[in-house]
>>> print(open('query14.pdb').read())   # PDB, C-alpha atoms
ATOM      1  CA  MET A  14      19.555 -14.331  23.863
ATOM      2  CA  SER A  15      17.343 -15.185  20.895
ATOM      3  CA  ASP A  16      15.147 -18.257  20.997
ATOM      4  CA  TRP A  17      16.185 -20.616  18.211
ATOM      5  CA  ARG A  18      13.415 -23.123  18.847
ATOM      6  CA  PRO A  19      10.289 -23.495  16.650
ATOM      7  CA  SER A  20       7.160 -21.639  17.692
ATOM      8  CA  ALA A  21       4.975 -24.622  16.726
ATOM      9  CA  ALA A  22       5.028 -28.053  18.359
ATOM     10  CA  PRO A  23       6.181 -31.016  16.207
ATOM     11  CA  ALA A  24       2.591 -32.305  16.057
ATOM     12  CA  ALA A  25       1.401 -29.022  14.502
ATOM     13  CA  ILE A  26       4.204 -29.111  11.941
ATOM     14  CA  ARG A  27       3.221 -32.651  10.975
ATOM     15  CA  LEU A  28      -0.449 -31.676  10.771
ATOM     16  CA  ARG A  29       0.416 -28.868   8.335
ATOM     17  CA  ALA A  30       2.120 -31.425   6.079
ATOM     18  CA  ARG A  31      -0.986 -33.624   6.206
ATOM     19  CA  VAL A  32      -3.246 -30.668   5.346
ATOM     20  CA  ASN A  33      -1.018 -29.707   2.400
ATOM     21  CA  ALA A  34      -1.169 -33.286   1.107
ATOM     22  CA  LEU A  35      -4.945 -33.376   1.584
ATOM     23  CA  ILE A  36      -5.371 -30.138  -0.392
ATOM     24  CA  ARG A  37      -3.313 -31.447  -3.289
ATOM     25  CA  GLY A  38      -5.208 -34.718  -3.282
ATOM     26  CA  PHE A  39      -8.565 -32.925  -3.106
ATOM     27  CA  PHE A  40      -7.860 -30.903  -6.234
ATOM     28  CA  ALA A  41      -6.114 -33.713  -8.109
ATOM     29  CA  GLU A  42      -9.315 -35.756  -7.783
ATOM     30  CA  ARG A  43     -11.251 -32.856  -9.300
ATOM     31  CA  ASP A  44      -8.763 -32.202 -12.128
ATOM     32  CA  VAL A  45      -7.861 -28.725 -10.844
ATOM     33  CA  LEU A  46      -4.332 -27.846 -11.929
ATOM     34  CA  GLU A  47      -1.680 -26.803  -9.396
ATOM     35  CA  VAL A  48       0.374 -23.842 -10.654
ATOM     36  CA  GLU A  49       3.147 -21.576  -9.374
ATOM     37  CA  THR A  50       3.179 -17.819  -9.975
ATOM     38  CA  PRO A  51       5.662 -15.049  -9.060
ATOM     39  CA  VAL A  52       6.096 -13.972  -5.460
ATOM     40  CA  MET A  53       7.578 -10.640  -6.613
ATOM     41  CA  SER A  54       5.603  -8.364  -8.908
ATOM     42  CA  GLN A  55       5.959  -5.031 -10.689
ATOM     43  CA  ALA A  56       2.572  -4.079  -9.175
ATOM     44  CA  GLY A  57       1.342  -3.878  -5.611
ATOM     45  CA  ASN A  58      -2.067  -4.256  -4.015
ATOM     46  CA  THR A  59      -4.092  -1.033  -4.233
ATOM     47  CA  GLU A  60      -6.703  -2.150  -1.660
ATOM     48  CA  PRO A  61      -6.608   0.596   1.025
ATOM     49  CA  ASN A  62      -6.699  -1.783   3.999
ATOM     50  CA  ILE A  63      -3.846  -4.016   2.813
ATOM     51  CA  ALA A  64      -0.195  -2.948   2.894
ATOM     52  CA  SER A  65       2.339  -4.518   0.529
ATOM     53  CA  PHE A  66       6.028  -5.091   1.229
ATOM     54  CA  SER A  67       8.353  -3.622  -1.402
ATOM     55  CA  LEU A  68      11.978  -4.377  -2.209
ATOM     56  CA  ALA A  69      14.642  -3.087  -4.578
ATOM     57  CA  PHE A  70      16.122  -5.028  -7.500
ATOM     58  CA  THR A  71      19.766  -4.056  -8.052
ATOM     59  CA  GLY A  72      20.479  -5.956 -11.256
ATOM     60  CA  HIS A  73      20.625  -4.741 -14.849
ATOM     61  CA  VAL A  74      18.271  -1.833 -15.598
ATOM     62  CA  ASP A  75      16.958  -3.585 -18.721
ATOM     63  CA  ALA A  76      15.292  -6.173 -16.463
ATOM     64  CA  GLY A  77      12.398  -3.811 -15.788
ATOM     65  CA  ALA A  78      11.059  -1.911 -12.811
ATOM     66  CA  ARG A  79      13.587  -1.812  -9.964
ATOM     67  CA  THR A  80      10.951  -1.628  -7.223
ATOM     68  CA  ARG A  81       9.181  -4.957  -6.793
ATOM     69  CA  TRP A  82       6.295  -5.878  -4.516
ATOM     70  CA  LEU A  83       5.806  -9.070  -2.559
ATOM     71  CA  ARG A  84       2.427 -10.545  -3.359
ATOM     72  CA  THR A  85      -0.420 -10.225  -0.876
ATOM     73  CA  SER A  86      -2.153 -13.034  -2.782
ATOM     74  CA  PRO A  87      -1.554 -14.860  -6.082
ATOM     75  CA  GLU A  88      -4.846 -13.541  -7.470
ATOM     76  CA  TYR A  89      -3.646 -11.358 -10.340
ATOM     77  CA  PRO A  90      -1.226 -13.827 -11.980
ATOM     78  CA  LEU A  91      -3.737 -16.651 -11.529
ATOM     79  CA  LYS A  92      -6.301 -14.567 -13.401
ATOM     80  CA  ARG A  93      -3.776 -13.960 -16.159
ATOM     81  CA  LEU A  94      -3.409 -17.736 -16.487
ATOM     82  CA  LEU A  95      -7.198 -18.072 -16.671
ATOM     83  CA  ALA A  96      -7.318 -15.461 -19.440
ATOM     84  CA  ALA A  97      -4.661 -17.485 -21.288
ATOM     85  CA  GLY A  98      -6.883 -20.567 -21.193
ATOM     86  CA  VAL A  99      -5.276 -22.658 -18.432
ATOM     87  CA  GLY A 100      -8.671 -23.527 -16.954
ATOM     88  CA  ASP A 101      -9.437 -24.564 -13.365
ATOM     89  CA  CYS A 102      -6.319 -23.971 -11.272
ATOM     90  CA  TYR A 103      -5.040 -23.397  -7.752
ATOM     91  CA  GLU A 104      -1.920 -22.273  -5.917
ATOM     92  CA  LEU A 105      -0.805 -23.162  -2.397
ATOM     93  CA  GLY A 106       1.956 -20.860  -1.210
ATOM     94  CA  ARG A 107       3.298 -18.033   0.893
ATOM     95  CA  VAL A 108       1.958 -14.489   0.738
ATOM     96  CA  PHE A 109       3.027 -11.312   2.552
ATOM     97  CA  ARG A 110       1.238  -8.385   4.190
ATOM     98  CA  ASP A 111       3.015  -5.538   5.922
ATOM     99  CA  GLY A 112       1.899  -4.375   9.357
ATOM    100  CA  GLU A 113      -0.113  -7.511  10.170
ATOM    101  CA  ALA A 114       1.616  -9.099  13.169
ATOM    102  CA  GLY A 115      -0.028 -10.264  16.360
ATOM    103  CA  GLY A 116      -1.918 -13.105  17.965
ATOM    104  CA  ARG A 117      -3.832 -14.067  14.806
ATOM    105  CA  HIS A 118      -1.644 -12.423  12.158
ATOM    106  CA  ASN A 119       1.833 -13.035  10.761
ATOM    107  CA  PRO A 120       3.344 -10.874   7.978
ATOM    108  CA  GLU A 121       4.213 -14.078   6.071
ATOM    109  CA  PHE A 122       1.511 -16.729   5.854
ATOM    110  CA  THR A 123       0.117 -19.500   3.658
ATOM    111  CA  MET A 124      -2.781 -19.010   1.286
ATOM    112  CA  LEU A 125      -4.727 -21.492  -0.816
ATOM    113  CA  GLU A 126      -6.362 -19.790  -3.787
ATOM    114  CA  TRP A 127      -8.316 -21.462  -6.567
ATOM    115  CA  TYR A 128     -10.582 -20.684  -9.527
ATOM    116  CA  ARG A 129     -13.410 -22.593 -11.171
ATOM    117  CA  VAL A 130     -14.403 -21.709 -14.728
ATOM    118  CA  GLY A 131     -18.152 -21.433 -15.323
ATOM    119  CA  TRP A 132     -19.006 -21.415 -11.598
ATOM    120  CA  ASP A 133     -20.622 -18.687  -9.512
ATOM    121  CA  HIS A 134     -19.797 -17.737  -5.919
ATOM    122  CA  ARG A 135     -22.515 -19.902  -4.368
ATOM    123  CA  ARG A 136     -21.291 -23.073  -6.051
ATOM    124  CA  LEU A 137     -17.683 -22.311  -5.144
ATOM    125  CA  ALA A 138     -18.699 -21.667  -1.529
ATOM    126  CA  ASP A 139     -19.956 -25.250  -1.352
ATOM    127  CA  GLU A 140     -16.579 -26.539  -2.541
ATOM    128  CA  ALA A 141     -14.716 -24.305  -0.079
ATOM    129  CA  ALA A 142     -16.833 -25.762   2.720
ATOM    130  CA  ALA A 143     -15.974 -29.260   1.482
ATOM    131  CA  VAL A 144     -12.234 -28.476   1.697
ATOM    132  CA  VAL A 145     -12.644 -27.326   5.298
ATOM    133  CA  GLN A 146     -14.750 -30.374   6.217
ATOM    134  CA  ALA A 147     -12.116 -32.702   4.750
ATOM    135  CA  ALA A 148      -9.402 -30.956   6.788
ATOM    136  CA  LEU A 149     -11.448 -31.143   9.999
ATOM    137  CA  ALA A 150     -11.866 -34.882   9.472
ATOM    138  CA  LEU A 151      -8.094 -35.252   9.901
ATOM    139  CA  VAL A 152      -8.539 -34.329  13.575
ATOM    140  CA  GLY A 153     -11.839 -36.175  14.033
ATOM    141  CA  ARG A 154     -14.056 -33.101  13.764
ATOM    142  CA  GLN A 155     -16.908 -31.948  11.583
ATOM    143  CA  ALA A 156     -18.928 -28.755  11.358
ATOM    144  CA  HIS A 157     -22.561 -27.978  10.631
ATOM    145  CA  VAL A 158     -22.802 -25.936   7.412
ATOM    146  CA  VAL A 159     -25.147 -22.944   7.411
ATOM    147  CA  ALA A 160     -25.619 -20.526   4.494
ATOM    148  CA  THR A 161     -27.199 -17.090   4.801
ATOM    149  CA  SER A 162     -27.034 -13.736   3.072
ATOM    150  CA  TYR A 163     -25.231 -10.769   4.609
ATOM    151  CA  ARG A 164     -28.509  -8.871   4.763
ATOM    152  CA  GLN A 165     -30.387 -11.669   6.510
ATOM    153  CA  LEU A 166     -27.603 -12.183   9.054
ATOM    154  CA  PHE A 167     -27.732  -8.537  10.177
ATOM    155  CA  ARG A 168     -31.521  -8.557  10.292
ATOM    156  CA  GLU A 169     -31.565 -11.647  12.509
ATOM    157  CA  ALA A 170     -28.591 -10.767  14.711
ATOM    158  CA  LEU A 171     -29.093  -7.018  15.206
ATOM    159  CA  GLY A 172     -32.584  -6.226  13.925
ATOM    160  CA  LEU A 173     -31.365  -3.765  11.306
ATOM    161  CA  ASP A 174     -31.000  -3.681   7.531
ATOM    162  CA  PRO A 175     -27.300  -3.313   6.659
ATOM    163  CA  MET A 176     -28.157  -2.226   3.121
ATOM    164  CA  LEU A 177     -30.325   0.730   4.144
ATOM    165  CA  ALA A 178     -29.454   1.776   7.720
ATOM    166  CA  ASP A 179     -27.660   5.116   8.098
ATOM    167  CA  ILE A 180     -24.371   5.597   9.937
ATOM    168  CA  GLY A 181     -26.126   6.835  13.070
ATOM    169  CA  THR A 182     -28.121   3.623  13.308
ATOM    170  CA  LEU A 183     -25.049   1.495  12.701
ATOM    171  CA  ARG A 184     -23.024   3.398  15.273
ATOM    172  CA  ALA A 185     -25.760   3.057  17.881
ATOM    173  CA  ALA A 186     -25.967  -0.704  17.241
ATOM    174  CA  LEU A 187     -22.308  -1.044  18.200
ATOM    175  CA  GLY A 188     -23.326  -0.176  21.759
ATOM    176  CA  ASP A 189     -20.729   0.480  24.438
ATOM    177  CA  ILE A 190     -17.793  -0.980  22.492
ATOM    178  CA  GLY A 191     -15.217   1.804  22.605
ATOM    179  CA  ILE A 192     -14.409   2.879  19.048
ATOM    180  CA  ASP A 193     -13.009   6.193  17.820
ATOM    181  CA  GLY A 194     -15.386   6.832  14.943
ATOM    182  CA  ASP A 195     -13.586   9.803  13.394
ATOM    183  CA  GLY A 196     -13.138   9.286   9.661
ATOM    184  CA  LEU A 197     -15.021   5.987   9.523
ATOM    185  CA  ASN A 198     -17.354   5.440   6.581
ATOM    186  CA  ARG A 199     -20.490   3.337   6.392
ATOM    187  CA  ASP A 200     -18.665   0.157   5.393
ATOM    188  CA  ASP A 201     -16.229   0.605   8.281
ATOM    189  CA  TRP A 202     -19.176   0.611  10.716
ATOM    190  CA  LEU A 203     -20.629  -2.494   9.083
ATOM    191  CA  ASP A 204     -17.265  -4.254   9.425
ATOM    192  CA  LEU A 205     -17.105  -3.303  13.105
ATOM    193  CA  LEU A 206     -20.606  -4.617  13.733
ATOM    194  CA  LEU A 207     -19.775  -7.901  12.037
ATOM    195  CA  SER A 208     -16.451  -8.393  13.837
ATOM    196  CA  HIS A 209     -17.451  -7.080  17.298
ATOM    197  CA  ARG A 210     -21.172  -7.792  17.653
ATOM    198  CA  ILE A 211     -21.969 -10.730  15.366
ATOM    199  CA  GLN A 212     -18.896 -12.913  14.752
ATOM    200  CA  PRO A 213     -18.113 -13.616  18.432
ATOM    201  CA  GLY A 214     -21.488 -15.344  18.749
ATOM    202  CA  PHE A 215     -20.944 -17.859  15.953
ATOM    203  CA  PRO A 216     -21.047 -21.446  17.344
ATOM    204  CA  VAL A 217     -17.646 -23.148  17.290
ATOM    205  CA  ASP A 218     -19.009 -26.178  15.406
ATOM    206  CA  GLN A 219     -20.683 -24.076  12.698
ATOM    207  CA  LEU A 220     -19.288 -23.521   9.199
ATOM    208  CA  LEU A 221     -21.031 -20.380   7.975
ATOM    209  CA  VAL A 222     -21.238 -19.386   4.320
ATOM    210  CA  LEU A 223     -22.053 -15.665   4.291
ATOM    211  CA  TYR A 224     -22.943 -14.465   0.791
ATOM    212  CA  ASP A 225     -24.141 -11.435  -1.221
ATOM    213  CA  TYR A 226     -22.370  -8.505   0.434
ATOM    214  CA  PRO A 227     -23.250  -4.815   0.054
ATOM    215  CA  ALA A 228     -22.357  -3.566  -3.424
ATOM    216  CA  SER A 229     -20.002  -1.034  -1.806
ATOM    217  CA  GLN A 230     -17.914  -3.988  -0.564
ATOM    218  CA  CYS A 231     -17.584  -5.582  -3.994
ATOM    219  CA  MET A 232     -13.767  -5.790  -3.982
ATOM    220  CA  LEU A 233     -13.125  -7.811  -7.196
ATOM    221  CA  ALA A 234     -16.610  -9.350  -7.389
ATOM    222  CA  ARG A 235     -19.424  -8.850  -9.864
ATOM    223  CA  ILE A 236     -22.404  -6.753  -8.795
ATOM    224  CA  ARG A 237     -25.901  -8.174  -9.247
ATOM    225  CA  GLU A 238     -28.578  -5.539  -9.760
ATOM    226  CA  SER A 239     -31.051  -6.955  -7.242
ATOM    227  CA  ASP A 240     -30.849  -9.268  -4.236
ATOM    228  CA  GLY A 241     -34.483 -10.265  -4.812
ATOM    229  CA  ASP A 242     -35.819  -8.779  -1.568
ATOM    230  CA  VAL A 243     -39.587  -8.361  -1.913
ATOM    231  CA  LEU A 244     -39.906  -5.011  -0.136
ATOM    232  CA  ALA A 245     -36.618  -3.224  -0.812
ATOM    233  CA  PRO A 246     -34.415  -4.886  -3.426
ATOM    234  CA  VAL A 247     -30.843  -3.583  -3.611
ATOM    235  CA  PRO A 248     -27.718  -4.339  -5.681
ATOM    236  CA  VAL A 249     -25.312  -6.808  -4.064
ATOM    237  CA  ALA A 250     -21.740  -7.942  -4.569
ATOM    238  CA  GLU A 251     -21.571 -11.603  -5.563
ATOM    239  CA  ARG A 252     -19.079 -12.364  -2.832
ATOM    240  CA  PHE A 253     -18.916 -14.840   0.043
ATOM    241  CA  GLU A 254     -16.918 -15.378   3.194
ATOM    242  CA  LEU A 255     -16.496 -18.617   5.113
ATOM    243  CA  PHE A 256     -16.397 -18.681   8.922
ATOM    244  CA  LEU A 257     -15.548 -21.662  11.108
ATOM    245  CA  GLY A 258     -16.980 -20.601  14.450
ATOM    246  CA  PRO A 259     -15.962 -16.942  14.875
ATOM    247  CA  LEU A 260     -12.826 -17.357  12.737
ATOM    248  CA  GLU A 261     -12.904 -16.065   9.160
ATOM    249  CA  LEU A 262     -11.231 -18.595   6.856
ATOM    250  CA  ALA A 263     -11.964 -17.623   3.255
ATOM    251  CA  ASN A 264     -13.129 -14.853   0.942
ATOM    252  CA  GLY A 265     -14.466 -15.582  -2.540
ATOM    253  CA  TYR A 266     -16.039 -13.863  -5.539
ATOM    254  CA  HIS A 267     -18.028 -14.413  -8.682
ATOM    255  CA  GLU A 268     -15.176 -12.729 -10.480
ATOM    256  CA  LEU A 269     -15.407  -9.390 -12.237
ATOM    257  CA  ALA A 270     -14.496  -9.753 -15.904
ATOM    258  CA  ASP A 271     -14.895  -6.116 -17.042
ATOM    259  CA  ALA A 272     -11.477  -4.492 -17.512
ATOM    260  CA  GLY A 273     -12.914  -0.968 -17.557
ATOM    261  CA  GLU A 274     -14.747  -1.470 -14.276
ATOM    262  CA  GLN A 275     -11.679  -3.125 -12.727
ATOM    263  CA  ARG A 276      -9.516  -0.171 -13.775
ATOM    264  CA  ALA A 277     -12.032   2.241 -12.228
ATOM    265  CA  ARG A 278     -12.009   0.284  -8.955
ATOM    266  CA  PHE A 279      -8.202   0.350  -8.832
ATOM    267  CA  GLU A 280      -8.253   4.105  -9.378
ATOM    268  CA  ARG A 281     -10.849   4.643  -6.631
ATOM    269  CA  GLU A 282      -8.690   2.606  -4.262
ATOM    270  CA  LEU A 283      -5.619   4.681  -5.103
ATOM    271  CA  ALA A 284      -7.607   7.857  -4.504
ATOM    272  CA  GLU A 285      -8.568   6.587  -1.052
ATOM    273  CA  ARG A 286      -4.947   5.682  -0.309
ATOM    274  CA  ALA A 287      -3.891   9.169  -1.389
ATOM    275  CA  ARG A 288      -6.527  10.706   0.898
ATOM    276  CA  ARG A 289      -5.048   8.728   3.807
ATOM    277  CA  GLY A 290      -1.476   9.622   2.895
ATOM    278  CA  ASP A 291      -0.580   5.981   2.220
ATOM    279  CA  VAL A 292       1.861   4.484  -0.281
ATOM    280  CA  LEU A 293       0.495   4.349  -3.848
ATOM    281  CA  PRO A 294       1.519   1.009  -5.418
ATOM    282  CA  PRO A 295       1.477   0.659  -9.210
ATOM    283  CA  ILE A 296      -1.710  -0.768 -10.716
ATOM    284  CA  ASP A 297      -1.324  -4.258 -12.185
ATOM    285  CA  ARG A 298      -1.613  -3.393 -15.870
ATOM    286  CA  HIS A 299      -0.817  -6.956 -16.898
ATOM    287  CA  LEU A 300      -4.070  -8.002 -15.224
ATOM    288  CA  LEU A 301      -6.026  -5.267 -16.989
ATOM    289  CA  ASP A 302      -4.537  -6.289 -20.337
ATOM    290  CA  ALA A 303      -5.545  -9.902 -19.647
ATOM    291  CA  LEU A 304      -9.108  -8.840 -18.827
ATOM    292  CA  ASP A 305      -9.195  -6.758 -22.018
ATOM    293  CA  ARG A 306      -8.264  -9.825 -24.080
ATOM    294  CA  GLY A 307     -11.162 -11.834 -22.687
ATOM    295  CA  PHE A 308     -11.627 -13.386 -19.271
ATOM    296  CA  PRO A 309     -13.744 -16.502 -18.690
ATOM    297  CA  ALA A 310     -16.780 -16.444 -16.434
ATOM    298  CA  CYS A 311     -15.511 -17.951 -13.192
ATOM    299  CA  ALA A 312     -15.440 -17.834  -9.410
ATOM    300  CA  GLY A 313     -12.372 -17.706  -7.176
ATOM    301  CA  VAL A 314     -11.619 -17.972  -3.478
ATOM    302  CA  ALA A 315      -8.659 -17.486  -1.134
ATOM    303  CA  LEU A 316      -8.458 -19.564   2.050
ATOM    304  CA  GLY A 317      -6.061 -18.913   4.923
ATOM    305  CA  VAL A 318      -4.343 -22.225   5.662
ATOM    306  CA  ASP A 319      -2.838 -21.001   8.940
ATOM    307  CA  ARG A 320      -6.288 -19.920  10.138
ATOM    308  CA  LEU A 321      -7.635 -23.343   9.220
ATOM    309  CA  LEU A 322      -4.857 -25.037  11.193
ATOM    310  CA  MET A 323      -5.558 -22.766  14.175
ATOM    311  CA  ALA A 324      -9.196 -23.860  14.135
ATOM    312  CA  MET A 325      -8.246 -27.521  13.779
ATOM    313  CA  LEU A 326      -5.955 -27.294  16.812
ATOM    314  CA  GLY A 327      -8.250 -25.064  18.836
ATOM    315  CA  THR A 328      -5.677 -22.301  19.324
ATOM    316  CA  SER A 329      -6.034 -18.513  19.006
ATOM    317  CA  ARG A 330      -2.277 -18.048  18.402
ATOM    318  CA  ILE A 331      -1.001 -18.224  14.840
ATOM    319  CA  ALA A 332       2.493 -18.865  16.226
ATOM    320  CA  ASP A 333       1.254 -22.288  17.344
ATOM    321  CA  VAL A 334       0.878 -23.419  13.705
ATOM    322  CA  LEU A 335       4.022 -21.786  12.243
ATOM    323  CA  ALA A 336       7.417 -23.478  12.344
ATOM    324  CA  PHE A 337       8.873 -20.041  13.097
ATOM    325  CA  ASP A 338       6.669 -17.009  13.623
ATOM    326  CA  PHE A 339       7.693 -13.432  12.773
ATOM    327  CA  ALA A 340       9.559 -12.919  16.054
ATOM    328  CA  ARG A 341      11.682 -16.037  15.465
ATOM    329  CA  ALA A 342      12.067 -15.875  11.682
TER     330      ALA A 342
END
>>> encode(input="query14.pdb", output="structure tokens")
Amino acid sequence: MSDWRPSAAPAAIRLRARVNALIRGFFAERDVLEVETPVMSQAGNTEPNIASFSLAFTGHVDAGARTRWLRTSPEYPLKRLLAAGVGDCYELGRVFRDGEAGGRHNPEFTMLEWYRVGWDHRRLADEAAAVVQAALALVGRQAHVVATSYRQLFREALGLDPMLADIGTLRAALGDIGIDGDGLNRDDWLDLLLSHRIQPGFPVDQLLVLYDYPASQCMLARIRESDGDVLAPVPVAERFELFLGPLELANGYHELADAGEQRARFERELAERARRGDVLPPIDRHLLDALDRGFPACAGVALGVDRLLMAMLGTSRIADVLAFDFARA
């Protein structure tokens, strides 16, 4: 017999409502506009490590493409609004990712995403930390904020330079953690080192801003030609991630505004998906057209609200903060 009961306790459901209200109040005070954008799109996410849900529209053929994709984030339509001159804006809503179900993942989850015109990633990281601190205060907690570059973190934690070390060095640094390395590239090994060797050691009361990632991990961020290192300067992606203890909460960028470069990145991602034999979602040409028309200098960040609630409640199970998790939906 199926279990009809909620997966979250009533107190967790009430806390989510308080966090949602706090978020809206936080941005209202700062004159950041709340917007709503489509959940279904003609385009999917081309990022090789994210799978989009698709569905079929059965209405009139004149309505457009019959295959639609559930959004994995509201990023592309929010950027179209920015290109149209809306200004600072945010969206708080549900997003969907196929194949991500487990202790810390649910295929349907809540994302807070916002953009600040004229800001860079470092300034936005400070605001993201302020959102998290305000939420923690609801449960009588606070965290110590620490900011460090990706390169410095690896140097201090593992004694290696993530920008220059070869795959052999990275693989050896992983130690006796059992990983099948066939087909893994350099960035895959860096991700494994971060998630398996470094993240677990983050103090639970620490809010870490990790910034300036390898240029190869630029995603939708700008690339700066030099990180300013005295001995071996390298290009870096103007990107940050926010960790509360070992839990990753947010990912942000000093946003790329070059339509040609964005198109090239989409095409490289599709080529990688083709190499893996994965589904090839359509590129979001509306976004590229918006970038072509002129996109303001800005920074944007996406924050996982369910992850934040998990940290606030001290649970490792996402089901504990969802009214109904995937198994009970």
>>> closest_residue(input="query14.pdb", among="A:Leu300, A:Ala150, A:Leu28, A:Ala138", to="Asp225 in chain A", atoms="all atoms listed in the file")
A:Ala138
>>> residues_around(input="query14.pdb", residues="Gly115 in chain A", least_positions_apart="2", cutoff="10 Å", atoms="only C-alpha atoms", output="ChimeraX atom specification")
/A:112-113,117-120,330-332,338-340
>>> residues_around(input="query14.pdb", residues="Ser67 in chain A", least_positions_apart="4", cutoff="10 Å", atoms="all atoms listed in the file", output="NGL selection string")
:A and (53-57 or 80-84 or 111 or 294)
>>> resolve_selection(input="query14.pdb", expression="the PyMOL selection byres ((chain A and resi 161) around 7)", output="list in words")
Val159, Ala160, Ser162, Tyr163, Gln165, Leu166, Val222, Leu223 and Tyr224 of chain A
>>> write_last_selection(input="query14.pdb", atoms="C-alpha atoms", output="mmCIF file, keeping the file's coordinate frame")
data_model
loop_
_atom_site.group_PDB
_atom_site.id
_atom_site.type_symbol
_atom_site.label_atom_id
_atom_site.label_comp_id
_atom_site.auth_asym_id
_atom_site.auth_seq_id
_atom_site.Cartn_x
_atom_site.Cartn_y
_atom_site.Cartn_z
ATOM 1 C CA VAL A 159 -25.147 -22.944 7.411
ATOM 2 C CA ALA A 160 -25.619 -20.526 4.494
ATOM 3 C CA SER A 162 -27.034 -13.736 3.072
ATOM 4 C CA TYR A 163 -25.231 -10.769 4.609
ATOM 5 C CA GLN A 165 -30.387 -11.669 6.510
ATOM 6 C CA LEU A 166 -27.603 -12.183 9.054
ATOM 7 C CA VAL A 222 -21.238 -19.386 4.320
ATOM 8 C CA LEU A 223 -22.053 -15.665 4.291
ATOM 9 C CA TYR A 224 -22.943 -14.465 0.791
#
>>> resolve_selection(input="query14.pdb", expression="the PyMOL selection byres ((chain A and resi 93) around 12)", output="ChimeraX atom specification")
/A:50-51,87-92,94-100,102,128,270,297-309
>>> residues_around(input="query14.pdb", residues="Asp200 in chain A", least_positions_apart="4", cutoff="8 Å", atoms="all atoms listed in the file", output="ChimeraX atom specification")
/A:204,229-230
>>> resolve_selection(input="query14.pdb", expression="the PyMOL selection byres ((chain A and resi 216) around 12)", output="mmCIF file with C-alpha atoms, in the frame of the given file")
data_model
loop_
_atom_site.group_PDB
_atom_site.id
_atom_site.type_symbol
_atom_site.label_atom_id
_atom_site.label_comp_id
_atom_site.auth_asym_id
_atom_site.auth_seq_id
_atom_site.Cartn_x
_atom_site.Cartn_y
_atom_site.Cartn_z
ATOM 1 C CA ALA A 156 -18.928 -28.755 11.358
ATOM 2 C CA HIS A 157 -22.561 -27.978 10.631
ATOM 3 C CA VAL A 158 -22.802 -25.936 7.412
ATOM 4 C CA VAL A 159 -25.147 -22.944 7.411
ATOM 5 C CA ILE A 211 -21.969 -10.730 15.366
ATOM 6 C CA GLN A 212 -18.896 -12.913 14.752
ATOM 7 C CA PRO A 213 -18.113 -13.616 18.432
ATOM 8 C CA GLY A 214 -21.488 -15.344 18.749
ATOM 9 C CA PHE A 215 -20.944 -17.859 15.953
ATOM 10 C CA VAL A 217 -17.646 -23.148 17.290
ATOM 11 C CA ASP A 218 -19.009 -26.178 15.406
ATOM 12 C CA GLN A 219 -20.683 -24.076 12.698
ATOM 13 C CA LEU A 220 -19.288 -23.521 9.199
ATOM 14 C CA LEU A 221 -21.031 -20.380 7.975
ATOM 15 C CA PHE A 256 -16.397 -18.681 8.922
ATOM 16 C CA LEU A 257 -15.548 -21.662 11.108
ATOM 17 C CA GLY A 258 -16.980 -20.601 14.450
ATOM 18 C CA PRO A 259 -15.962 -16.942 14.875
ATOM 19 C CA LEU A 260 -12.826 -17.357 12.737
#
>>> atom_distance(input="query14.pdb", atom1="CA of Asp291 in chain A", atom2="CA of Asn62 in chain A")
10.0 Å
>>> atom_distance(input="query14.pdb", atom1="CA of Asp319 in chain A", atom2="CA of Glu47 in chain A")
19.3 Å
>>> residues_around(input="query14.pdb", residues="Arg18 in chain A", least_positions_apart="4", cutoff="10 Å", atoms="only C-alpha atoms", output="list of chain:residue names")
A:Ala22, A:Ala336, A:Phe337, A:Arg341
>>> atom_distance(input="query14.pdb", atom1="CA of Arg184 in chain A", atom2="CA of Trp202 in chain A")
6.6 Å
>>> decode(input="query14.pdb", residues="range 161-169 of chain A", atoms="N, CA and C atoms", output="mmCIF file, in the first residue's frame")
data_model
loop_
_atom_site.group_PDB
_atom_site.id
_atom_site.type_symbol
_atom_site.label_atom_id
_atom_site.label_comp_id
_atom_site.auth_asym_id
_atom_site.auth_seq_id
_atom_site.Cartn_x
_atom_site.Cartn_y
_atom_site.Cartn_z
ATOM 1 N N THR A 161 37.982 32.229 -0.447
ATOM 2 C CA THR A 161 39.283 31.826 -0.974
ATOM 3 C C THR A 161 39.136 31.432 -2.433
ATOM 4 N N SER A 162 40.221 31.519 -3.178
ATOM 5 C CA SER A 162 40.176 31.115 -4.575
ATOM 6 C C SER A 162 40.258 29.596 -4.685
ATOM 7 N N TYR A 163 39.790 29.081 -5.789
ATOM 8 C CA TYR A 163 39.849 27.645 -6.079
ATOM 9 C C TYR A 163 41.302 27.167 -6.036
ATOM 10 N N ARG A 164 42.174 27.951 -6.625
ATOM 11 C CA ARG A 164 43.593 27.566 -6.679
ATOM 12 C C ARG A 164 44.205 27.499 -5.288
ATOM 13 N N GLN A 165 43.916 28.500 -4.455
ATOM 14 C CA GLN A 165 44.481 28.533 -3.118
ATOM 15 C C GLN A 165 43.933 27.397 -2.254
ATOM 16 N N LEU A 166 42.656 27.075 -2.420
ATOM 17 C CA LEU A 166 42.070 25.985 -1.640
ATOM 18 C C LEU A 166 42.799 24.673 -1.909
ATOM 19 N N PHE A 167 43.026 24.349 -3.171
ATOM 20 C CA PHE A 167 43.717 23.095 -3.512
ATOM 21 C C PHE A 167 45.155 23.105 -3.017
ATOM 22 N N ARG A 168 45.812 24.248 -3.130
ATOM 23 C CA ARG A 168 47.196 24.327 -2.645
ATOM 24 C C ARG A 168 47.259 24.055 -1.143
ATOM 25 N N GLU A 169 46.328 24.643 -0.397
ATOM 26 C CA GLU A 169 46.355 24.483 1.061
ATOM 27 C C GLU A 169 45.869 23.108 1.494
#
